[in-house]
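Participant: Input file: model_25.cif. Contents: mmCIF, C-alpha atoms and all ligand atoms.
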```
data_protein
loop_
_atom_site.label_atom_id
_atom_site.label_comp_id
_atom_site.auth_asym_id
_atom_site.auth_seq_id
_atom_site.Cartn_x
_atom_site.Cartn_y
_atom_site.Cartn_z
CA MET A 1 0.00 0.00 0.00
CA HIS A 2 1.19 3.51 -0.63
CA LEU A 3 0.94 6.75 1.24
CA THR A 4 -2.29 7.91 -0.37
CA GLU A 5 -4.09 4.58 0.00
CA HIS A 6 -4.51 4.83 3.75
CA LYS A 7 -7.47 6.83 4.98
CA LEU A 8 -6.75 8.23 8.39
CA PRO A 9 -9.23 9.78 10.84
CA ASN A 10 -8.75 13.24 12.25
CA LEU A 11 -6.20 13.20 15.09
CA PRO A 12 -4.61 9.94 13.90
CA THR A 13 -2.90 8.00 16.68
CA THR A 14 0.49 6.36 16.49
CA VAL A 15 3.43 5.24 18.58
CA VAL A 16 6.93 6.64 18.71
CA GLY A 17 8.45 3.21 18.19
CA SER A 18 9.33 0.72 20.88
CA LEU A 19 7.19 -1.33 23.21
CA PRO A 20 8.61 -3.12 26.25
CA ARG A 21 10.18 -6.38 25.06
CA PRO A 22 8.52 -9.46 26.58
CA GLU A 23 10.76 -11.59 28.81
CA ALA A 24 11.38 -14.26 26.15
CA MET A 25 12.47 -11.51 23.76
CA ARG A 26 14.80 -9.91 26.28
CA ASP A 27 16.27 -13.31 26.96
CA ALA A 28 16.79 -13.97 23.26
CA LEU A 29 18.51 -10.61 22.81
CA LYS A 30 20.80 -11.36 25.74
CA LYS A 31 21.66 -14.79 24.35
CA ARG A 32 22.31 -13.34 20.92
CA ARG A 33 24.74 -10.85 22.39
CA LYS A 34 26.65 -13.78 23.86
CA GLY A 35 26.33 -15.89 20.71
CA LYS A 36 24.23 -18.46 22.59
CA ILE A 37 21.20 -18.64 20.33
CA SER A 38 20.78 -19.86 16.76
CA ASP A 39 19.51 -17.47 14.10
CA GLY A 40 16.44 -19.67 13.64
CA GLU A 41 15.56 -19.65 17.32
CA PHE A 42 16.05 -15.90 17.55
CA GLN A 43 13.86 -15.44 14.50
CA THR A 44 11.02 -17.53 15.96
CA ILE A 45 11.06 -15.75 19.31
CA SER A 46 11.27 -12.29 17.77
CA ASP A 47 8.54 -13.06 15.21
CA ASP A 48 6.26 -14.04 18.11
CA ALA A 49 7.13 -10.85 19.98
CA VAL A 50 6.42 -8.69 16.92
CA ARG A 51 3.08 -10.42 16.40
CA ALA A 52 2.15 -9.73 20.02
CA ALA A 53 3.27 -6.10 19.72
CA ILE A 54 1.12 -5.58 16.63
CA GLU A 55 -1.88 -7.28 18.23
CA LEU A 56 -1.48 -5.05 21.27
CA GLN A 57 -1.54 -1.89 19.15
CA GLU A 58 -4.51 -3.11 17.11
CA ARG A 59 -6.46 -3.97 20.26
CA ALA A 60 -5.63 -0.52 21.61
CA GLY A 61 -7.02 1.07 18.44
CA ILE A 62 -3.81 2.74 17.26
CA ASP A 63 -4.07 3.93 13.64
CA ILE A 64 -0.41 3.82 12.56
CA ILE A 65 1.49 1.03 14.22
CA SER A 66 5.07 -0.16 14.56
CA ASP A 67 6.64 -3.58 15.08
CA GLY A 68 7.49 -2.49 18.62
CA GLU A 69 11.20 -2.58 17.74
CA MET A 70 11.23 -6.01 19.34
CA ARG A 71 14.35 -7.22 17.53
CA ARG A 72 16.46 -4.23 18.53
CA GLU A 73 18.54 -3.87 21.67
CA ASN A 74 17.64 -0.21 21.62
CA PHE A 75 16.76 2.53 19.17
CA TYR A 76 20.21 3.03 17.67
CA SER A 77 22.85 0.42 18.45
CA PHE A 78 21.08 -2.29 16.39
CA ILE A 79 22.64 -0.85 13.27
CA ALA A 80 25.97 -2.40 14.29
CA GLU A 81 24.54 -5.78 13.21
CA CYS A 82 23.67 -4.43 9.78
CA VAL A 83 26.75 -2.41 8.93
CA ASP A 84 30.43 -3.31 8.74
CA GLY A 85 32.81 -0.79 10.21
CA ILE A 86 30.84 -0.34 13.43
CA LYS A 87 31.55 -2.07 16.71
CA LEU A 88 29.55 -2.00 19.90
CA LEU A 89 31.16 -0.81 23.07
CA SER A 90 29.45 -0.86 26.42
CA LEU A 91 29.45 2.54 28.04
CA ALA A 92 31.87 1.06 30.54
CA ASP A 93 34.25 0.05 27.71
CA LEU A 94 33.80 3.41 26.09
CA LEU A 95 35.36 4.94 29.17
CA ASP A 96 38.76 3.79 27.91
CA TYR A 97 38.47 6.00 24.85
CA VAL A 98 36.85 9.06 26.31
CA GLU A 99 39.07 12.05 26.77
CA ASP A 100 37.43 13.27 29.99
CA LYS A 101 37.20 9.96 31.86
CA SER A 102 36.28 11.17 35.33
CA GLY A 103 33.66 13.51 33.89
CA PHE A 104 32.12 10.66 31.89
CA GLU A 105 32.12 8.40 34.95
CA ARG A 106 30.38 11.01 37.08
CA LEU A 107 27.91 11.57 34.28
CA LEU A 108 26.97 7.89 34.03
CA GLN A 109 26.42 7.71 37.77
CA SER A 110 24.35 10.87 37.93
CA LEU A 111 22.21 9.91 34.95
CA ASP A 112 21.04 6.57 36.32
CA VAL A 113 22.31 4.75 33.26
CA PRO A 114 23.24 1.05 33.46
CA ALA A 115 26.74 1.52 32.05
CA PHE A 116 27.54 -2.15 31.55
CA ALA A 117 24.25 -2.99 29.91
CA ILE A 118 24.03 -0.27 27.30
CA HIS A 119 26.07 -0.55 24.14
CA ASN A 120 27.05 2.33 21.97
CA PRO A 121 27.94 1.87 18.29
CA VAL A 122 31.36 3.25 17.43
CA VAL A 123 32.91 3.59 13.98
CA GLU A 124 36.26 1.90 13.48
CA GLY A 125 36.27 1.34 9.72
CA LYS A 126 34.54 2.21 6.47
CA LEU A 127 30.73 1.85 6.71
CA ARG A 128 29.45 -0.98 4.51
CA VAL A 129 25.81 -2.03 4.74
CA LYS A 130 25.54 -5.83 4.98
CA LYS A 131 21.79 -6.05 5.35
CA PRO A 132 18.99 -3.48 5.37
CA LEU A 133 18.60 -1.61 8.64
CA ALA A 134 14.84 -2.02 8.95
CA LEU A 135 13.44 -3.34 5.67
CA ASP A 136 13.20 -6.95 6.91
CA GLU A 137 11.46 -5.77 10.08
CA PHE A 138 9.01 -3.79 7.97
CA ASN A 139 8.30 -6.63 5.56
CA TYR A 140 7.51 -9.01 8.40
CA ALA A 141 5.20 -6.51 10.12
CA ARG A 142 3.42 -5.69 6.87
CA GLY A 143 2.41 -9.32 6.50
CA LEU A 144 0.60 -9.15 9.85
CA THR A 145 -1.53 -6.04 9.55
CA ASN A 146 -3.51 -3.90 7.16
CA ARG A 147 -2.79 -0.75 9.13
CA PRO A 148 -0.21 1.74 7.96
CA ILE A 149 3.18 1.15 9.53
CA LYS A 150 5.71 3.48 11.05
CA VAL A 151 9.37 2.54 11.11
CA ALA A 152 11.83 4.43 13.29
CA LEU A 153 15.46 4.86 12.31
CA PRO A 154 18.23 6.54 14.26
CA GLY A 155 18.73 10.04 12.88
CA PRO A 156 21.82 11.03 10.90
CA TYR A 157 23.06 13.50 13.51
CA LEU A 158 22.71 11.02 16.36
CA LEU A 159 24.61 8.38 14.41
CA THR A 160 27.32 10.70 13.16
CA ARG A 161 27.89 12.26 16.56
CA SER A 162 27.64 9.19 18.74
CA MET A 163 29.64 6.85 16.51
CA TRP A 164 32.61 9.10 15.90
CA VAL A 165 35.17 8.56 18.64
CA LYS A 166 38.40 10.21 17.65
CA SER A 167 40.90 7.55 18.69
CA LEU A 168 38.94 4.80 16.91
CA SER A 169 37.40 6.59 13.93
CA TYR A 170 39.99 9.14 12.85
CA GLU A 171 41.92 6.94 10.45
CA THR A 172 38.85 6.16 8.32
CA TYR A 173 36.93 9.34 8.91
CA PRO A 174 39.14 12.27 9.85
CA THR A 175 36.16 14.58 10.37
CA LYS A 176 32.56 14.24 11.49
CA GLU A 177 31.52 15.62 8.09
CA SER A 178 33.24 12.75 6.27
CA LEU A 179 31.41 10.21 8.44
CA GLY A 180 28.18 12.19 8.04
CA ALA A 181 28.29 11.79 4.26
CA ASP A 182 28.34 7.98 4.54
CA VAL A 183 25.66 7.97 7.26
CA VAL A 184 23.42 10.10 5.03
CA GLN A 185 23.86 7.74 2.09
CA MET A 186 23.07 4.73 4.26
CA LEU A 187 19.86 6.26 5.68
CA ARG A 188 18.77 7.63 2.33
CA ASN A 189 19.06 4.19 0.73
CA GLU A 190 17.07 2.66 3.58
CA LEU A 191 14.35 5.32 3.28
CA ILE A 192 14.00 4.58 -0.43
CA HIS A 193 13.81 0.81 0.20
CA LEU A 194 11.14 1.32 2.87
CA ARG A 195 9.16 3.66 0.63
CA ASP A 196 9.32 1.19 -2.27
CA ALA A 197 8.17 -1.62 0.03
CA GLY A 198 5.08 0.42 1.00
CA CYS A 199 6.06 1.85 4.36
CA PHE A 200 3.77 4.71 5.34
CA PHE A 201 5.91 6.63 7.81
CA VAL A 202 9.63 6.71 8.51
CA GLN A 203 10.64 8.56 11.64
CA PHE A 204 14.18 9.66 12.38
CA ASP A 205 15.09 9.71 16.07
CA GLU A 206 17.32 12.57 17.12
CA PRO A 207 17.07 12.64 20.92
CA VAL A 208 20.39 14.44 21.29
CA LEU A 209 19.19 17.62 19.60
CA SER A 210 17.57 18.67 22.87
CA GLU A 211 20.88 18.12 24.63
CA VAL A 212 22.62 20.30 22.06
CA ALA A 213 20.03 23.04 22.45
CA PHE A 214 19.67 22.97 26.22
CA ALA A 215 23.11 22.07 27.45
CA GLY A 216 25.42 24.46 25.59
CA PRO A 217 28.74 23.76 23.89
CA HIS A 218 30.76 22.37 26.77
CA ALA A 219 28.29 20.51 28.91
CA THR A 220 27.26 16.95 28.16
CA HIS A 221 24.03 15.94 29.75
CA THR A 222 23.04 12.70 28.10
CA PHE A 223 25.22 9.65 27.79
CA MET A 224 24.60 9.11 24.08
CA CYS A 225 27.10 11.67 22.98
CA ALA A 226 29.24 11.50 26.06
CA ALA A 227 32.15 10.44 23.92
CA LEU A 228 31.93 13.62 21.93
CA SER A 229 34.85 15.86 21.78
CA GLU A 230 35.32 18.99 19.74
CA LYS A 231 31.66 19.82 19.95
CA ALA A 232 31.06 23.18 18.30
CA SER A 233 28.54 25.86 19.30
CA PRO A 234 24.89 24.78 19.56
CA GLU A 235 24.08 26.85 16.44
CA HIS A 236 26.76 25.11 14.44
CA GLU A 237 25.72 21.67 15.68
CA LEU A 238 22.05 22.30 14.94
CA GLU A 239 22.82 23.57 11.44
CA PHE A 240 24.84 20.40 10.90
CA ALA A 241 21.84 18.33 12.06
CA VAL A 242 19.52 20.18 9.65
CA GLU A 243 21.94 19.67 6.78
CA LEU A 244 22.32 15.93 7.44
CA LEU A 245 18.59 15.27 7.77
CA ASN A 246 17.74 17.29 4.68
CA GLN A 247 20.31 15.37 2.69
CA VAL A 248 18.66 12.13 3.80
CA VAL A 249 15.10 13.09 2.79
CA GLU A 250 15.71 15.51 -0.10
CA GLY A 251 13.48 14.74 -3.09
CA ILE A 252 12.11 11.44 -1.74
CA ASP A 253 8.31 11.44 -2.13
CA GLY A 254 5.69 8.81 -1.46
CA VAL A 255 6.51 8.20 2.19
CA LYS A 256 5.76 10.33 5.22
CA THR A 257 8.93 11.39 7.02
CA GLY A 258 9.22 12.60 10.58
CA LEU A 259 11.71 13.76 13.15
CA HIS A 260 11.38 12.71 16.79
CA VAL A 261 13.09 14.75 19.46
CA CYS A 262 12.62 14.09 23.16
CA ARG A 263 14.57 14.92 26.29
CA GLY A 264 15.84 11.44 27.02
CA ASN A 265 13.78 8.41 27.93
CA TRP A 266 16.04 5.99 29.76
CA SER A 267 14.95 6.49 33.36
CA ARG A 268 11.74 6.96 35.31
CA LYS A 269 13.58 9.47 37.48
CA ASP A 270 12.40 12.67 35.88
CA ASP A 271 15.11 14.81 37.43
CA VAL A 272 17.95 13.05 35.57
CA LEU A 273 16.37 13.77 32.18
CA LEU A 274 16.76 17.06 30.36
CA ALA A 275 14.25 19.87 30.75
CA GLY A 276 13.38 22.84 28.57
CA ALA A 277 10.89 24.08 25.98
CA TYR A 278 11.48 23.35 22.28
CA ASP A 279 11.68 27.10 21.46
CA PRO A 280 15.43 27.18 20.69
CA LEU A 281 14.94 24.26 18.31
CA ILE A 282 11.90 25.58 16.44
CA PRO A 283 13.84 27.64 13.83
CA TYR A 284 15.82 24.51 12.98
CA PHE A 285 12.71 22.28 12.92
CA ALA A 286 11.19 24.76 10.47
CA LYS A 287 14.08 24.21 8.06
CA MET A 288 13.95 20.43 8.18
CA LYS A 289 12.30 18.95 5.11
CA VAL A 290 10.33 16.30 6.97
CA SER A 291 6.52 16.16 7.00
CA GLN A 292 6.10 15.73 10.74
CA LEU A 293 7.73 16.67 14.04
CA VAL A 294 7.11 14.10 16.74
CA LEU A 295 7.53 15.85 20.06
CA GLU A 296 6.90 15.15 23.73
CA TYR A 297 4.37 17.19 25.66
CA ALA A 298 3.00 14.83 28.28
CA THR A 299 5.84 15.82 30.56
CA ASP A 300 5.96 19.18 32.30
CA ARG A 301 9.64 19.37 31.39
CA ALA A 302 8.58 20.28 27.84
CA GLY A 303 7.01 23.67 28.54
CA PRO A 304 3.79 24.93 26.91
CA VAL A 305 2.34 23.42 23.71
CA GLU A 306 1.80 26.92 22.31
CA SER A 307 5.50 27.03 21.35
CA LEU A 308 4.62 24.76 18.42
CA LEU A 309 2.42 27.39 16.82
CA ALA A 310 5.66 29.04 15.67
CA LEU A 311 6.20 26.10 13.29
CA PRO A 312 5.28 26.60 9.62
CA GLU A 313 1.67 25.55 8.97
CA ASP A 314 2.63 22.85 6.50
CA LYS A 315 4.40 20.90 9.23
CA GLU A 316 2.38 18.15 10.83
CA ILE A 317 2.75 17.77 14.57
CA GLY A 318 3.03 14.41 16.31
CA LEU A 319 1.97 15.55 19.75
CA GLY A 320 3.14 13.53 22.75
CA VAL A 321 0.21 13.34 25.14
CA VAL A 322 0.99 10.14 27.05
CA ASN A 323 4.01 9.71 29.31
CA PRO A 324 5.70 6.35 28.62
CA ARG A 325 7.55 6.47 31.94
CA THR A 326 4.66 6.65 34.41
CA SER A 327 2.13 4.16 35.75
CA GLU A 328 -0.98 6.32 35.87
CA ILE A 329 -3.15 6.37 32.75
CA GLU A 330 -3.74 9.75 31.11
CA SER A 331 -7.36 10.90 31.03
CA ALA A 332 -9.17 12.14 27.92
CA GLU A 333 -9.39 15.54 29.64
CA PHE A 334 -5.60 15.66 29.98
CA VAL A 335 -5.15 14.83 26.30
CA ALA A 336 -7.84 17.31 25.26
CA ALA A 337 -6.20 20.12 27.24
CA LYS A 338 -2.85 19.42 25.58
CA VAL A 339 -4.21 19.40 22.04
CA ALA A 340 -6.70 22.28 22.43
CA PRO A 341 -4.26 25.17 21.76
CA LEU A 342 -3.18 23.52 18.51
CA LEU A 343 -6.69 22.63 17.38
CA LYS A 344 -7.66 26.29 17.53
CA LYS A 345 -5.09 27.10 14.84
CA ARG A 346 -4.41 23.92 12.90
CA ALA A 347 -6.43 21.35 10.95
CA PRO A 348 -7.16 18.21 13.02
CA GLY A 349 -5.77 16.06 10.19
CA SER A 350 -2.37 17.66 10.64
CA ILE A 351 -2.11 16.80 14.32
CA TYR A 352 -1.19 13.24 15.25
CA LEU A 353 -1.34 11.97 18.80
CA ASN A 354 1.34 9.72 20.26
CA PRO A 355 3.15 8.88 23.47
CA ASP A 356 6.14 11.11 24.27
CA CYS A 357 8.61 8.41 23.34
CA GLY A 358 8.89 4.64 23.17
CA PHE A 359 7.89 2.34 26.04
CA GLY A 360 10.96 0.17 25.68
CA THR A 361 13.99 2.35 24.96
CA PHE A 362 16.59 -0.17 26.16
CA SER A 363 15.72 -3.86 26.03
CA ASP A 364 17.28 -4.57 29.41
CA ARG A 365 15.49 -1.82 31.17
CA PRO A 366 12.15 -0.85 29.60
CA VAL A 367 10.62 2.30 31.04
CA ASN A 368 7.25 0.59 31.40
CA ASP A 369 5.53 -2.79 31.39
CA TRP A 370 3.48 -4.43 28.66
CA GLU A 371 0.09 -4.06 30.39
CA THR A 372 0.56 -0.38 31.20
CA ALA A 373 1.70 0.31 27.64
CA GLU A 374 -1.52 -1.25 26.32
CA ARG A 375 -3.72 0.67 28.76
CA LYS A 376 -1.99 3.93 27.89
CA LEU A 377 -2.33 3.33 24.15
CA SER A 378 -6.02 2.44 24.56
CA ALA A 379 -6.55 5.64 26.53
CA LEU A 380 -4.76 7.55 23.77
CA SER A 381 -6.99 6.23 20.99
CA ASP A 382 -10.17 6.63 23.08
CA ALA A 383 -9.24 10.24 23.76
CA ALA A 384 -8.43 10.91 20.10
CA ARG A 385 -11.82 9.57 19.01
CA LEU A 386 -13.66 11.60 21.61
CA ILE A 387 -11.88 14.83 20.75
CA ALA A 388 -12.01 14.38 16.97
CA GLY A 389 -15.56 13.02 17.01
CA ASN A 390 -17.74 15.29 19.06
CA GLY A 391 -15.54 17.45 21.19
CA ALA A 392 -17.19 16.02 24.30
CA VAL A 393 -14.19 16.54 26.50
CA ARG A 394 -13.15 19.88 25.11
ZN ZN A 401 12.26 9.71 22.40
#
```
Do you think you could lay out the structure here as structure tokens?
Ligand SMILES: [Zn+2]
Facilitator:
Amino acid sequence: MHLTEHKLPNLPTTVVGSLPRPEAMRDALKKRRKGKISDGEFQTISDDAVRAAIELQERAGIDIISDGEMRRENFYSFIAECVDGIKLLSLADLLDYVEDKSGFERLLQSLDVPAFAIHNPVVEGKLRVKKPLALDEFNYARGLTNRPIKVALPGPYLLTRSMWVKSLSYETYPTKESLGADVVQMLRNELIHLRDAGCFFVQFDEPVLSEVAFAGPHATHTFMCAALSEKASPEHELEFAVELLNQVVEGIDGVKTGLHVCRGNWSRKDDVLLAGAYDPLIPYFAKMKVSQLVLEYATDRAGPVESLLALPEDKEIGLGVVNPRTSEIESAEFVAAKVAPLLKKRAPGSIYLNPDCGFGTFSDRPVNDWETAERKLSALSDAARLIAGNGAVR
């Protein structure tokens, strides 16, 4: 099916990407990391998990669904399996290569990050794609549902910035720009493959843009780019991010593209995550040639929704109205209050409703459980129908 063949309701609902991986899936991922599971066994377990993830979203009434990112360890390091030239280092291993070791160590402790469990992809040779990043995942999911599908990919800035570690990458890629060019080509090819296969929506995840905007040139406040050195001014970094993303999507029609930016989603401790309104990022969002901006607003750390009215009118908004990190279920009134300022100024077909971020994030430490994720997604679609249908809760 192609982009135009799906009829969506007003206030379409979707997910940002991941769902919590069921225990069998987490186990299989762990075994795969240690080489203790056959490809066939992994395939069977992950196929089951994807089927369950899709059934969950269909039961919950979500319009545009994902495969729950079941097969991925997390939202970005999975690409190491698909691409030569990248190796995975645990954050603890990464310490050996980081220039400011004690700073990085303090950072990991203060951020509540499981340093031994999380693996960061690092470039140590020329990038060569061995297998598609997400096309196989998409093709399997497409066989299980008639609903339009969203696929999330790590964004080009995140990949370029987090994978370039000077002492390991310099010989192949002397500058971040040289690595960026290969990352762009890789993502662009994948986007075209997904479009040709009938994918409805490809979302690029760039969670570090908020860090760049809120933390300033010398501070590092999330672990994903903790290995960064030679970080330029926020303006320069954000321009670089715009350039990379636009090179990925330039001229590719027939698939909806989006950019997701949150403030970090690895811990339920709100105070270790970044805070700040999107305002400093809006001028850069406006220049990005994606159809939709997928942003978090269920958390108070995001500031007022009205900031988004500064975006050009042709940009769709994927409004986060459900917090993936909490246990309580959002009410329709809560969702209605969040979306109301936008509905006054924008067409309801241009506003999508979604959770703030994924429910899984890292396979070893999901930010929520399966049952809560389903209840939250059901509440999301109920609220969307109420608000779009008769305005009963407005
Ligand atoms: Zn996110």
Participant: When you count only C-alpha atoms and all ligand atoms, which of these residues is closest to ligand ZN 401 (chain A): A:Thr172, A:Thr299, A:Ser331, A:Thr361?
Facilitator: A:Thr361
Participant: Using only C-alpha atoms, which protein or nucleic acid residues come within 9 Å of Lys345 in chain A? Drop anything in the same chain fewer than 3 positions from it, and give the result as a list in words.
Facilitator: Leu309, Pro341 and Leu342 of chain A
Participant: Export, as an mmCIF file, keeping the file's coordinate frame, the selected residues with C-alpha atoms.
Facilitator:
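Result written to result09.cif:
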```
data_model
loop_
_atom_site.group_PDB
_atom_site.id
_atom_site.type_symbol
_atom_site.label_atom_id
_atom_site.label_comp_id
_atom_site.auth_asym_id
_atom_site.auth_seq_id
_atom_site.Cartn_x
_atom_site.Cartn_y
_atom_site.Cartn_z
ATOM 1 C CA LEU A 309 2.420 27.390 16.820
ATOM 2 C CA PRO A 341 -4.260 25.170 21.760
ATOM 3 C CA LEU A 342 -3.180 23.520 18.510
#
```
Participant: Give as a count of residues only the residues surrounding ligand ZN 401 (chain A) up to a distance of 10 Å, considering only C-alpha atoms and all ligand atoms.
Facilitator: 26
Participant: Using only C-alpha atoms, which residue out of A:Ala232, A:Leu179, A:Ala152, A:Ala28 lies closest to Lys126 in chain A?
Facilitator: A:Leu179
Participant: Name the closest residue to Trp370 in chain A among the candidates A:Gly198, A:Gly85, A:Pro12, A:Pro20; distances are taken between atoms, counting all atoms listed in the file.
Facilitator: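 Under the stated criterion, the closest residue is A:Pro20.
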Participant: Calculated over only C-alpha atoms, which of the candidates A:Leu380, A:Leu19, A:Leu153, A:Leu281 has the smallest distance to Glu69 in chain A?
Facilitator: A:Leu19
Participant: At what distance in Å, to one decimal, does CA of Val151 in chain A lie from CA of Gly68 in chain A?
Facilitator: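 Rounded to one decimal, the two atoms are 9.2 Å apart.
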Participant: Go ahead and compute the interatomic distance for CA of Leu209 in chain A and CA of Pro348 in chain A, in Å to one decimal.
Facilitator: 27.2 Å
